[in-house]
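Colleague: I have a structure I would like to understand better, so I am pasting it below and will then ask my questions one at a time.
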Amino acid sequence: MTALAVYAAGGVVWRLVDGKLRVLLIHRTKYRDITLPKGKVDPGEMLAETAVREIHEETGIRTVLGPPLGVSHYKLPSGREKIVHYWSAEATEAAIRESSFVPNDEIAAIEWVGLKKAHARLSYPVDIEILEHFERLVDDGVLHTFPVVALRHGKAVPRDEWDGRDALRPLLPRGKEQAKAIVGGLRAFGVRRIVSSDAVRCVKTVVPLSKAIGRRIDETELISQDAWEDGAADVRQVVGRRIRSGKPAVLCSHGPVLPEILTELALATGTMRGSYLADAAALEFGAFSVVHVSATNPGSGIVAIETHAPKI
């Protein structure tokens with residue numbers, strides 16, 4: 001991140017009303033403008049976490065994120081650059097019914113409109129550019145997606161400093177902090193299924209997430225480093241099951257195993273392989289790559305891949 005820049009995040013919130021697509025615009029009180037929901041990053045937040053929080057604070061609607069829609073850049077009156085990351089975010093009927101929005105000092109009103117009307121109403125060209133990215137998802141028929149997240153475990157005691165079995169190596173204090181720091185980011189994508197290598201360092205990395213969402217951890221040696229080194233791993237089976245389920249999931253594994261996980265995700269979705277897979281697999285400790293897959297046609301290829309790392 002650029003030191004002097006102001007970072008923010010938001011989304012194009014959408015719903016279907018009688019089969020017709022509608023997107024959500026906000027009317028801001030102070031600026032007397034019409035824009036997309038967004039807001040500044042709080043200390044320690046991941047960008048995806050910011051997007052979900054700000055959408056909820058400004059609209060009263062709880063969402064989970066779909067594919068990324070790009071980044072807008074513009075200058076603030078102070079001369080600092082503002083960088084805003086956006087995602088597609090579906091508003092379910094249940095979430096709308098539970099909305100807590102009331103007009104306030106910041107947001108005067110919220111409005112559901114069609115895409116053509118949104119183009120006419122939005123106050124800023126940078127918002128229209130983000131809306132155009134969203135329209136490409138619509139045109140490509142990949143608005144409905146689900147994520148499969150490849151996560152590298154947090155920082156653990158180094159191998160050469162550990163006398164016991166490698167699978168029993170614990171997380172260092174930094175690794176434990178990383179495990180806590182990624183919970184908000186993972187929840188932003190609606191992760192509900194947790195699959196982990198049975199190595200202690202992987203399981204402990206997803207324990208905070210498990211507690212936060214109230215879901216058990218499915219431990220398996222099939223994506224463990226020990227099994228991978230012994231030729232006994234079965235990454236294809238684990239990945240295939242997640243793609244067939246069509247449910248948001250995280251797979252917590254090891255640096256050497258991650259390239260195979262990304263490769264199998266590409267193969268399971270009929271995606272052309274390339275250097276982007278290696279980039280998505282080259283994760284720091286505690287970092288994760290979100291692979292967005294079409295919910296209606298998983299074999300049509302990966303819709304998008306994005307990578308996130310904790311600020312620890």
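Letters A, B, ... mark the chains of the structure tokens in the order given; residue numbers begin at 1 per chain; ligand numbers begin at 1, in order shown.
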I need the residues of segment 85-260 of chain A that end up classed as helix (DSSP H, G or I) by DSSP on the backbone, written out as a PyMOL selection string.
Modeller: chain A and resi 93-97+115-121+125-139+159-161+166-168+173-181+183-188+200-213+221-223+225-229+235-245+258-260
Colleague: Near Arg236 of chain A, within 10 Å and counting only C-alpha atoms, which residues show up once chain neighbours fewer than 2 positions away are dropped, as a ChimeraX atom specification?
Modeller: /A:222-223,233-234,238-242,260-261,263-265,267-268
Colleague: Work out how far apart atom CA of Ala249 of chain A and atom CA of Ala282 of chain A are and give it in Å to one decimal.
Modeller: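 Atom-to-atom, atom CA of Ala249 of chain A to atom CA of Ala282 of chain A, that is 19.5 Å.
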Colleague: If DSSP is run on the backbone, what residues of segment 121-260 of chain A are strand (DSSP E)? A reply as a PyMOL selection string would be ideal.
Modeller: chain A and resi 145-152+193-197+217-220+249-253
Colleague: Go through A:Thr307, A:Ser224, A:Ser300, A:Thr50 one by one, measure the shortest atom-to-atom distance of each to Leu277 of chain A using only C-alpha atoms, and give the residue with the smallest value.
Modeller: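 Going through A:Thr307, A:Ser224, A:Ser300, A:Thr50 one by one, the smallest distance to Leu277 of chain A is for A:Thr307.
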Colleague: Quick one: residues within 7 Å of segment 119-135 of chain A, only C-alpha atoms, excluding same-chain residues fewer than 2 positions away - as a PyMOL selection string?
Modeller: chain A and resi 33-36+69-70+72+88+115-117+137-139
Colleague: Please produce a file of those selected residues containing N, CA, C and O atoms, as a PDB file, in the first residue's frame.
Modeller:
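again.pdb, freshly written:
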```
ATOM      1  N   ASP A  33     -24.704  14.146  -3.250  1.00  0.00           N
ATOM      2  CA  ASP A  33     -24.355  13.391  -4.450  1.00  0.00           C
ATOM      3  C   ASP A  33     -24.990  12.006  -4.397  1.00  0.00           C
ATOM      4  O   ASP A  33     -25.636  11.632  -3.406  1.00  0.00           O
ATOM      5  N   ILE A  34     -24.834  11.270  -5.475  1.00  0.00           N
ATOM      6  CA  ILE A  34     -25.324   9.893  -5.563  1.00  0.00           C
ATOM      7  C   ILE A  34     -24.143   9.017  -5.950  1.00  0.00           C
ATOM      8  O   ILE A  34     -23.456   9.284  -6.947  1.00  0.00           O
ATOM      9  N   THR A  35     -23.898   7.988  -5.157  1.00  0.00           N
ATOM     10  CA  THR A  35     -22.678   7.204  -5.342  1.00  0.00           C
ATOM     11  C   THR A  35     -22.916   5.753  -4.930  1.00  0.00           C
ATOM     12  O   THR A  35     -24.046   5.336  -4.657  1.00  0.00           O
ATOM     13  N   LEU A  36     -21.842   4.982  -4.918  1.00  0.00           N
ATOM     14  CA  LEU A  36     -21.881   3.585  -4.479  1.00  0.00           C
ATOM     15  C   LEU A  36     -21.456   3.519  -3.014  1.00  0.00           C
ATOM     16  O   LEU A  36     -20.639   4.328  -2.562  1.00  0.00           O
ATOM     17  N   LEU A  69     -14.411  -5.978  -8.560  1.00  0.00           N
ATOM     18  CA  LEU A  69     -14.843  -5.156  -9.694  1.00  0.00           C
ATOM     19  C   LEU A  69     -13.825  -4.098 -10.089  1.00  0.00           C
ATOM     20  O   LEU A  69     -14.104  -3.271 -10.953  1.00  0.00           O
ATOM     21  N   GLY A  70     -12.686  -4.115  -9.451  1.00  0.00           N
ATOM     22  CA  GLY A  70     -11.672  -3.140  -9.813  1.00  0.00           C
ATOM     23  C   GLY A  70     -11.431  -2.110  -8.728  1.00  0.00           C
ATOM     24  O   GLY A  70     -11.992  -2.181  -7.631  1.00  0.00           O
ATOM     25  N   SER A  72     -10.770   2.191  -7.963  1.00  0.00           N
ATOM     26  CA  SER A  72     -10.827   3.578  -8.438  1.00  0.00           C
ATOM     27  C   SER A  72      -9.766   4.402  -7.729  1.00  0.00           C
ATOM     28  O   SER A  72      -9.445   4.156  -6.564  1.00  0.00           O
ATOM     29  N   SER A  88     -18.539  -7.038  -6.242  1.00  0.00           N
ATOM     30  CA  SER A  88     -19.955  -7.331  -6.421  1.00  0.00           C
ATOM     31  C   SER A  88     -20.470  -7.897  -5.107  1.00  0.00           C
ATOM     32  O   SER A  88     -19.792  -8.679  -4.449  1.00  0.00           O
ATOM     33  N   LEU A 115     -29.759  -0.772 -14.341  1.00  0.00           N
ATOM     34  CA  LEU A 115     -28.412  -0.357 -14.749  1.00  0.00           C
ATOM     35  C   LEU A 115     -28.421   0.933 -15.568  1.00  0.00           C
ATOM     36  O   LEU A 115     -27.571   1.808 -15.380  1.00  0.00           O
ATOM     37  N   LYS A 116     -29.386   1.074 -16.474  1.00  0.00           N
ATOM     38  CA  LYS A 116     -29.440   2.280 -17.306  1.00  0.00           C
ATOM     39  C   LYS A 116     -29.655   3.519 -16.446  1.00  0.00           C
ATOM     40  O   LYS A 116     -28.990   4.543 -16.620  1.00  0.00           O
ATOM     41  N   LYS A 117     -30.568   3.422 -15.485  1.00  0.00           N
ATOM     42  CA  LYS A 117     -30.842   4.559 -14.613  1.00  0.00           C
ATOM     43  C   LYS A 117     -29.641   4.838 -13.698  1.00  0.00           C
ATOM     44  O   LYS A 117     -29.345   6.005 -13.387  1.00  0.00           O
ATOM     45  N   LEU A 137     -19.800  -8.758 -15.739  1.00  0.00           N
ATOM     46  CA  LEU A 137     -20.206 -10.002 -15.080  1.00  0.00           C
ATOM     47  C   LEU A 137     -21.612 -10.401 -15.506  1.00  0.00           C
ATOM     48  O   LEU A 137     -21.895 -11.574 -15.757  1.00  0.00           O
ATOM     49  N   VAL A 138     -22.488  -9.398 -15.585  1.00  0.00           N
ATOM     50  CA  VAL A 138     -23.873  -9.648 -16.006  1.00  0.00           C
ATOM     51  C   VAL A 138     -23.892 -10.185 -17.430  1.00  0.00           C
ATOM     52  O   VAL A 138     -24.541 -11.193 -17.729  1.00  0.00           O
ATOM     53  N   ASP A 139     -23.166  -9.518 -18.321  1.00  0.00           N
ATOM     54  CA  ASP A 139     -23.143  -9.921 -19.731  1.00  0.00           C
ATOM     55  C   ASP A 139     -22.542 -11.315 -19.920  1.00  0.00           C
ATOM     56  O   ASP A 139     -22.955 -12.060 -20.818  1.00  0.00           O
TER      57      ASP A 139
END
```
Colleague: Mind checking which residues fall within 10 Å of Lys311 of chain A, counting only C-alpha atoms, ignoring those fewer than 2 positions away in the same chain, and posting them as a list in words?
Modeller: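 With the cut-off at 10 Å, the set is Pro43, Gly44, Glu45, Met46, Glu177, Gln178, Ala181, Ile182, Gly286, Ala287, His308 and Ala309 of chain A.
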Colleague: Grab the atom CA of Lys204 of chain A to atom CA of Gly175 of chain A distance for me, in Å with one decimal place.
Modeller: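 Taking atom CA of Lys204 of chain A and atom CA of Gly175 of chain A, their separation equals 9.1 Å.
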